[in-house]
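Enquirer: Just dropping this structure here.
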Amino acid sequence: MNRTQVGTFLVLRELGIGHEMESFEDRLSVQKAIYLAQAKGVDLGYFFRWYLRGPYARTLTQDVFEALQIYDVDKELVGHRLDATTRDRLANLLPHLEPPSDLPRWSWLELLASLHFLFDTKQTAGSDVESLQQQLEGFEKPYTTTQVTRALDTLRKSGLLPS
Amino acid sequence: MTQRVVTDAIHGSIELTDAEWKVVDTPSFQRLRHLKQLQMAHLTYPNATHTRLAHSLGVFAVMSRILESAKERFKITAKDVADLRLAALLHDVGHYPYSHLMERMEKAQLTEEIVEPKQSSETNLAKPAKYPDHEEVGRLIVTERDDLLTAIGGKERAERITGLFTGRDASNAQLSKLIHSSLDMDRFDFLLRDARATGVPYGTVDLHYLLSNVQASPSGAIGFSYKAISAAEQFLFARFFMYKVVYFHKTTFGLEEACRQLLRRSKNANLFGVPNSGDAVRDWVLGDNFLNFTDAWIDEVVRKAALSSDPILKALGQCIVYRHPPRLIREENELVDLTTNKVSSSCHSFFEACRYRIPQLANELKIDPRLFLIVEPKRITLEDRGSKFTAEGARKLQPSQQEEIVKIFVRDSAEPIPLVDMPNSITNIAANHAYQFARLYLVTQDEDIAKKAKWLVAKWPPAQA
């Protein structure tokens, strides 16, 4: 596996994200977790664009699928570890990836990543929660205003958005 | 509106408006004239010297044809048409010297990284060292360089256009689909152009027929009408064979791998001005020296390496400068069934054998092991995925993956279905397999050493799946 693939799998493992990629939810979780890790300053070099389900990097899916199909990933990772600064950043991020009780984890990650992407690329409808919630509905993401509020708070507390 | 006309070997006459011509005439766009579309393929196919500029005009031509016939069907306004045309024209403006070769240099594995016994190794992900993706570089160029900003008409429009070709504009996802969908204007042009330039017949595509049969569903999904199914099947096979015969040609690939390793080693050693971080690339792209961000810059790095006192850099540089390609010592290849979850394969076994046997092999030949270039298994598939997913599984694909798969409209369905899922399509079977290969090269001009290396490697136990 190349260094980018090694780094990607180590980050996923640190964030408790499985790398099975069997189901849609698995693949979505991988995409959004890596997006958030990069937003936190972990440089894996993936370029994300917007698709219906929020930020998506095609080369990330390719890298992960390719590695899973060719290698025994767990065996390849033996002997590799994340640097201390990256581990600290991910440790800081991890608690914020815990979903609230009314959302599965993959949906929570999708909400966090989508909101962050819209703010980061200056495409938000506005800073009020209702406008954001309607904007997300326009992307077929039916989150409630409570969930959007919670996500914004989380992004601010984690340092991914300014307070 | 006056028109400018460019005569193109693939698409014939390409008409541009005065405003579009202003974009073409900018130094930032003209830089593409100094980037070869096919990296180092010209060292194998002498006529493969066509440029990113020609390809960009070609994609523009394809986009223009689609918009002309489909703008009403897709309900696209005149403003959107103008933006999409420019997005097609500028989609590759951010390409690196020698394209993906430099851009993805970090993914190249140095020989010692593969063959050293497993030691504890630590990542270094905390610093922004990775080179930015060429689309991000393109976004920087279009939104920050004065010549393009002026030609395009200001920052707001520049942001809109980059949003289209990078796909980062959430509000224009529907329009972005035209660039990033299974229509893939990029592929339509480069297959035809690359086939013509190299002289191989495998890239022939019935472009006119396919473009005449583009449809959009009520949900905005794009596909081809059923009568174009054979042309769509042939398109997928054309892509497959161009990858197998041209893009992964053993000689070209060996030279490009030598160049990748040379660049990585130079970067690691801070030599020859190879940017040492993503920020250094961004500074270069936005600075006064941007017009030197061309293939000629890499040619110069290679020439300097060929004169280096470092024996490995010298060997890598000389094999390119003098066109003595790395010798293919062995290639393992196979067809892999993608419907099984089997990890082991003969290619994987061969790669593992290289990992553990190269130090001893180098010792026997009395050469530096870093002169071996080990290429980990690579795959060529017909489509992004095979067809043996269940219908449920196919529906669960991320929309982004579905969008990029070739789709066909069938009689009883308002929405198109993936071509590879059609039971009467040959791609239904072919897409479930991948052609996989792994290679071992040796950088040497010594015929005897090359022969001995081949003989010794041939005696390794057979690679087993």
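For the structure tokens, the naming scheme is as follows: chains receive sequential letters (A, B, ...) according to their order of presentation, residues are indexed from 1 within each chain, and ligands are indexed from 1 in presentation order.
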Give me, as a PyMOL selection string, the contact residues of chain A against chain B at a cut-off of 6 Å, counting only C-alpha atoms.
Expert: chain A and resi 2+24+42-43+45+49-51+69-71+79-83+86
Enquirer: Could you write out that same residue set with C-alpha atoms as a PDB file, in the first residue's frame?
Expert:
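Wrote it out as result19.pdb, contents follow:
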ATOM      1  CA  ASN A   2       1.299   3.486  -0.672  1.00  0.00           C
ATOM      2  CA  PHE A  24     -23.624   2.317   1.440  1.00  0.00           C
ATOM      3  CA  VAL A  42      -4.709  15.815   8.921  1.00  0.00           C
ATOM      4  CA  ASP A  43      -3.096  16.055   5.495  1.00  0.00           C
ATOM      5  CA  GLY A  45      -4.393  15.126   0.213  1.00  0.00           C
ATOM      6  CA  ARG A  49     -16.304  17.945  -4.339  1.00  0.00           C
ATOM      7  CA  TRP A  50     -20.023  18.207  -3.643  1.00  0.00           C
ATOM      8  CA  TYR A  51     -22.360  15.386  -4.501  1.00  0.00           C
ATOM      9  CA  GLN A  69      -9.071  -5.842  -2.999  1.00  0.00           C
ATOM     10  CA  ILE A  70      -5.329  -6.303  -3.290  1.00  0.00           C
ATOM     11  CA  TYR A  71      -4.001  -6.433   0.278  1.00  0.00           C
ATOM     12  CA  GLY A  79       4.527  -1.540  12.120  1.00  0.00           C
ATOM     13  CA  HIS A  80       2.941   1.744  10.997  1.00  0.00           C
ATOM     14  CA  ARG A  81       1.626   4.352  13.377  1.00  0.00           C
ATOM     15  CA  LEU A  82       0.301   7.895  13.270  1.00  0.00           C
ATOM     16  CA  ASP A  83       2.522  10.763  14.343  1.00  0.00           C
ATOM     17  CA  THR A  86      -2.077  13.764  14.122  1.00  0.00           C
TER      18      THR A  86
END
Enquirer: Looking only at the backbone, which of the residues in region 50-245 of chain B does DSSP tag as helix (DSSP H, G or I), as a VMD selection string?
Expert: chain B and resid 52 to 70 78 to 90 100 to 103 105 to 107 111 to 115 134 to 144 146 to 152 155 to 166 170 to 180 185 to 198 207 to 212 226 to 245
Enquirer: List every residue of chain A that DSSP, applied to the backbone of this structure, places in strand (DSSP E or B), and write the result as an MDAnalysis selection string.
Expert: chainID A and resid 49:51 54:56 80:81
Enquirer: Write out as a VMD selection string which residues come within 10 Å of Leu111 (chain A) when counting only C-alpha atoms, dropping same-chain ones fewer than 3 positions away.
Expert: chain A and resid 32 53 to 54 103 105 to 108 114 to 117 136 141 to 143 147 to 148 151 to 152
Enquirer: How far is it from CA of Leu112 (chain A) to CA of Thr154 (chain A), in Å with one decimal?
Expert: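 Spanning CA of Leu112 (chain A) to CA of Thr154 (chain A) is a straight-line distance of 8.1 Å.
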Enquirer: With only C-alpha atoms as the counted atoms, please give the residues lying no more than 10 Å from region 57-66 of chain B, apart from itself and same-chain residues fewer than 3 positions off, as a PyMOL selection string.
Expert: chain B and resi 6+8-16+24+52-54+69-71+81-82+84-92+178-179+183-190+192-193+207-208+211-214
Enquirer: Since we have the selection now, will you write its residues out, keeping N, CA and C atoms, as a short mmCIF file (atom, residue, chain, number, x, y, z; two decimals), in the first residue's frame?
Expert:
data_model
loop_
_atom_site.label_atom_id
_atom_site.label_comp_id
_atom_site.auth_asym_id
_atom_site.auth_seq_id
_atom_site.Cartn_x
_atom_site.Cartn_y
_atom_site.Cartn_z
N VAL B 6 -11.15 27.38 -34.62
CA VAL B 6 -9.92 26.62 -34.53
C VAL B 6 -10.14 25.31 -35.27
N ASP B 8 -9.37 21.56 -35.64
CA ASP B 8 -8.85 20.51 -34.76
C ASP B 8 -8.85 19.18 -35.50
N ALA B 9 -7.81 18.38 -35.28
CA ALA B 9 -7.66 17.11 -36.01
C ALA B 9 -8.76 16.11 -35.67
N ILE B 10 -9.38 16.26 -34.49
CA ILE B 10 -10.39 15.28 -34.06
C ILE B 10 -11.80 15.79 -34.35
N HIS B 11 -12.08 17.02 -33.97
CA HIS B 11 -13.46 17.53 -34.03
C HIS B 11 -13.72 18.46 -35.20
N GLY B 12 -12.72 18.69 -36.02
CA GLY B 12 -12.94 19.60 -37.14
C GLY B 12 -12.92 21.04 -36.67
N SER B 13 -13.89 21.83 -37.14
CA SER B 13 -13.92 23.25 -36.79
C SER B 13 -14.53 23.43 -35.41
N ILE B 14 -13.82 24.13 -34.56
CA ILE B 14 -14.32 24.44 -33.21
C ILE B 14 -14.54 25.95 -33.17
N GLU B 15 -15.76 26.35 -32.88
CA GLU B 15 -16.08 27.78 -32.88
C GLU B 15 -16.08 28.32 -31.45
N LEU B 16 -15.42 29.44 -31.27
CA LEU B 16 -15.41 30.10 -29.97
C LEU B 16 -15.87 31.54 -30.15
N VAL B 24 -8.76 31.89 -24.01
CA VAL B 24 -7.75 31.04 -24.68
C VAL B 24 -6.43 31.79 -24.82
N ARG B 52 -2.15 19.43 -23.63
CA ARG B 52 -3.35 19.66 -22.81
C ARG B 52 -4.20 20.76 -23.42
N LEU B 53 -3.58 21.69 -24.12
CA LEU B 53 -4.34 22.77 -24.74
C LEU B 53 -5.27 22.19 -25.80
N ALA B 54 -4.72 21.31 -26.64
CA ALA B 54 -5.55 20.71 -27.70
C ALA B 54 -6.69 19.90 -27.07
N SER B 69 -27.49 20.48 -28.62
CA SER B 69 -28.60 19.56 -28.87
C SER B 69 -29.46 19.35 -27.64
N ALA B 70 -28.91 19.62 -26.45
CA ALA B 70 -29.64 19.18 -25.26
C ALA B 70 -30.03 20.30 -24.30
N LYS B 71 -29.75 21.56 -24.67
CA LYS B 71 -29.98 22.60 -23.67
C LYS B 71 -31.45 22.75 -23.29
N VAL B 81 -25.20 28.00 -20.18
CA VAL B 81 -24.49 27.48 -21.36
C VAL B 81 -23.12 28.14 -21.45
N ALA B 82 -23.10 29.45 -21.30
CA ALA B 82 -21.82 30.18 -21.41
C ALA B 82 -20.85 29.72 -20.32
N LEU B 84 -20.89 26.78 -18.71
CA LEU B 84 -20.48 25.39 -18.93
C LEU B 84 -19.42 25.29 -20.02
N ARG B 85 -19.56 26.10 -21.03
CA ARG B 85 -18.55 26.07 -22.10
C ARG B 85 -17.19 26.47 -21.55
N LEU B 86 -17.19 27.52 -20.73
CA LEU B 86 -15.91 27.95 -20.15
C LEU B 86 -15.38 26.92 -19.15
N ALA B 87 -16.27 26.29 -18.40
CA ALA B 87 -15.84 25.26 -17.45
C ALA B 87 -15.16 24.11 -18.19
N ALA B 88 -15.72 23.73 -19.34
CA ALA B 88 -15.11 22.66 -20.14
C ALA B 88 -13.74 23.11 -20.66
N LEU B 89 -13.67 24.35 -21.09
CA LEU B 89 -12.41 24.86 -21.64
C LEU B 89 -11.32 24.89 -20.57
N LEU B 90 -11.73 25.23 -19.34
CA LEU B 90 -10.74 25.45 -18.27
C LEU B 90 -10.55 24.25 -17.35
N HIS B 91 -11.22 23.14 -17.65
CA HIS B 91 -11.26 22.05 -16.67
C HIS B 91 -9.86 21.48 -16.34
N ASP B 92 -8.90 21.64 -17.29
CA ASP B 92 -7.56 21.09 -17.05
C ASP B 92 -6.51 22.17 -16.83
N LEU B 178 -23.10 17.38 -15.83
CA LEU B 178 -22.78 17.30 -17.25
C LEU B 178 -21.28 17.12 -17.45
N ILE B 179 -20.48 17.66 -16.54
CA ILE B 179 -19.04 17.52 -16.67
C ILE B 179 -18.58 16.23 -16.01
N LEU B 183 -21.39 10.81 -19.00
CA LEU B 183 -21.13 11.35 -20.32
C LEU B 183 -19.63 11.57 -20.50
N ASP B 184 -19.01 12.07 -19.44
CA ASP B 184 -17.56 12.17 -19.38
C ASP B 184 -16.93 12.68 -20.67
N MET B 185 -17.11 13.96 -20.91
CA MET B 185 -16.57 14.56 -22.12
C MET B 185 -15.06 14.43 -22.19
N ASP B 186 -14.48 14.37 -21.02
CA ASP B 186 -13.03 14.19 -20.94
C ASP B 186 -12.63 12.92 -21.69
N ARG B 187 -13.28 11.81 -21.34
CA ARG B 187 -12.95 10.52 -21.96
C ARG B 187 -13.27 10.52 -23.45
N PHE B 188 -14.39 11.12 -23.81
CA PHE B 188 -14.75 11.15 -25.23
C PHE B 188 -13.63 11.77 -26.05
N ASP B 189 -13.07 12.86 -25.54
CA ASP B 189 -12.01 13.50 -26.31
C ASP B 189 -10.69 12.75 -26.20
N PHE B 190 -10.28 12.40 -24.97
CA PHE B 190 -8.91 11.88 -24.88
C PHE B 190 -8.76 10.49 -25.50
N LEU B 192 -10.23 9.42 -28.27
CA LEU B 192 -10.07 9.64 -29.71
C LEU B 192 -8.72 10.28 -30.01
N ARG B 193 -8.39 11.30 -29.23
CA ARG B 193 -7.17 12.07 -29.49
C ARG B 193 -5.93 11.21 -29.25
N LEU B 207 -18.53 8.67 -31.50
CA LEU B 207 -18.89 9.84 -30.71
C LEU B 207 -20.18 10.49 -31.20
N HIS B 208 -20.26 10.64 -32.51
CA HIS B 208 -21.43 11.34 -33.06
C HIS B 208 -22.72 10.62 -32.66
N LEU B 211 -23.45 11.03 -28.85
CA LEU B 211 -23.92 12.36 -28.49
C LEU B 211 -25.33 12.62 -29.01
N SER B 212 -25.68 11.97 -30.09
CA SER B 212 -27.04 12.14 -30.63
C SER B 212 -28.08 11.40 -29.80
N ASN B 213 -27.63 10.55 -28.91
CA ASN B 213 -28.56 9.72 -28.15
C ASN B 213 -28.49 9.97 -26.65
N VAL B 214 -28.06 11.15 -26.27
CA VAL B 214 -28.03 11.51 -24.86
C VAL B 214 -29.43 11.89 -24.41
#
Enquirer: Using only C-alpha atoms, which protein or nucleic acid residues come within 9 Å of Thr26 (chain B)? Drop anything in the same chain fewer than 4 positions from it, and give the result as a list in words.
Expert: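 Once the nearby chain positions are removed, what remains is Trp21, Lys22, Gln30, Arg31, Asp147, Leu148 and Ala151 of chain B.
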Enquirer: Output C-alpha atoms of each residue in that selection to a file, as a short mmCIF file (atom, residue, chain, number, x, y, z; two decimals), in the first residue's frame.
Expert:
data_model
loop_
_atom_site.label_atom_id
_atom_site.label_comp_id
_atom_site.auth_asym_id
_atom_site.auth_seq_id
_atom_site.Cartn_x
_atom_site.Cartn_y
_atom_site.Cartn_z
CA TRP B 21 -11.07 33.55 -27.27
CA LYS B 22 -9.90 36.08 -24.70
CA GLN B 30 -1.51 29.09 -23.14
CA ARG B 31 0.69 27.36 -20.52
CA ASP B 147 -5.15 37.43 -16.68
CA LEU B 148 -7.92 34.86 -16.34
CA ALA B 151 -10.82 37.54 -19.35
#
Enquirer: Here is a test: counting only C-alpha atoms, which residue of B:Leu442, B:Asn428, B:Ile229, B:Ser219 is nearest to His324 (chain B)?
Expert: B:Leu442
Enquirer: Would you list the contacts of His433 (chain B) as a list in words, taking every protein, DNA or RNA residue within 10 Å and counting only C-alpha atoms, but skipping same-chain residues closer than 4 positions in sequence?
Expert: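 Here the answer would be Glu334, Leu335, Val336, Asp337, Leu338, Thr339, Arg379, Ile380, Thr381, Leu382, Glu383, Arg385, Gly386, Ser387, Thr427, Asn428 and Ile429 of chain B.
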Enquirer: How would the residues just chosen look if you wrote them out with C-alpha atoms as a compact mmCIF listing (two decimals), in the first residue's frame?
Expert:
# COMPACT_ATOMS: atom_id res chain seq x y z
CA GLU B 334 -4.07 -12.23 -14.50
CA LEU B 335 -7.80 -11.75 -14.68
CA VAL B 336 -9.32 -11.21 -11.26
CA ASP B 337 -12.91 -12.06 -10.42
CA LEU B 338 -14.25 -8.97 -8.64
CA THR B 339 -17.27 -10.79 -7.27
CA ARG B 379 -5.95 -2.99 -12.07
CA ILE B 380 -7.81 -2.07 -15.20
CA THR B 381 -11.57 -2.51 -15.10
CA LEU B 382 -14.29 -1.98 -17.62
CA GLU B 383 -16.36 0.16 -15.29
CA ARG B 385 -17.69 -1.68 -10.45
CA GLY B 386 -18.86 -5.02 -11.64
CA SER B 387 -22.44 -6.00 -12.20
CA THR B 427 -20.34 -5.76 -20.16
CA ASN B 428 -22.50 -7.57 -17.61
CA ILE B 429 -19.90 -10.35 -17.58
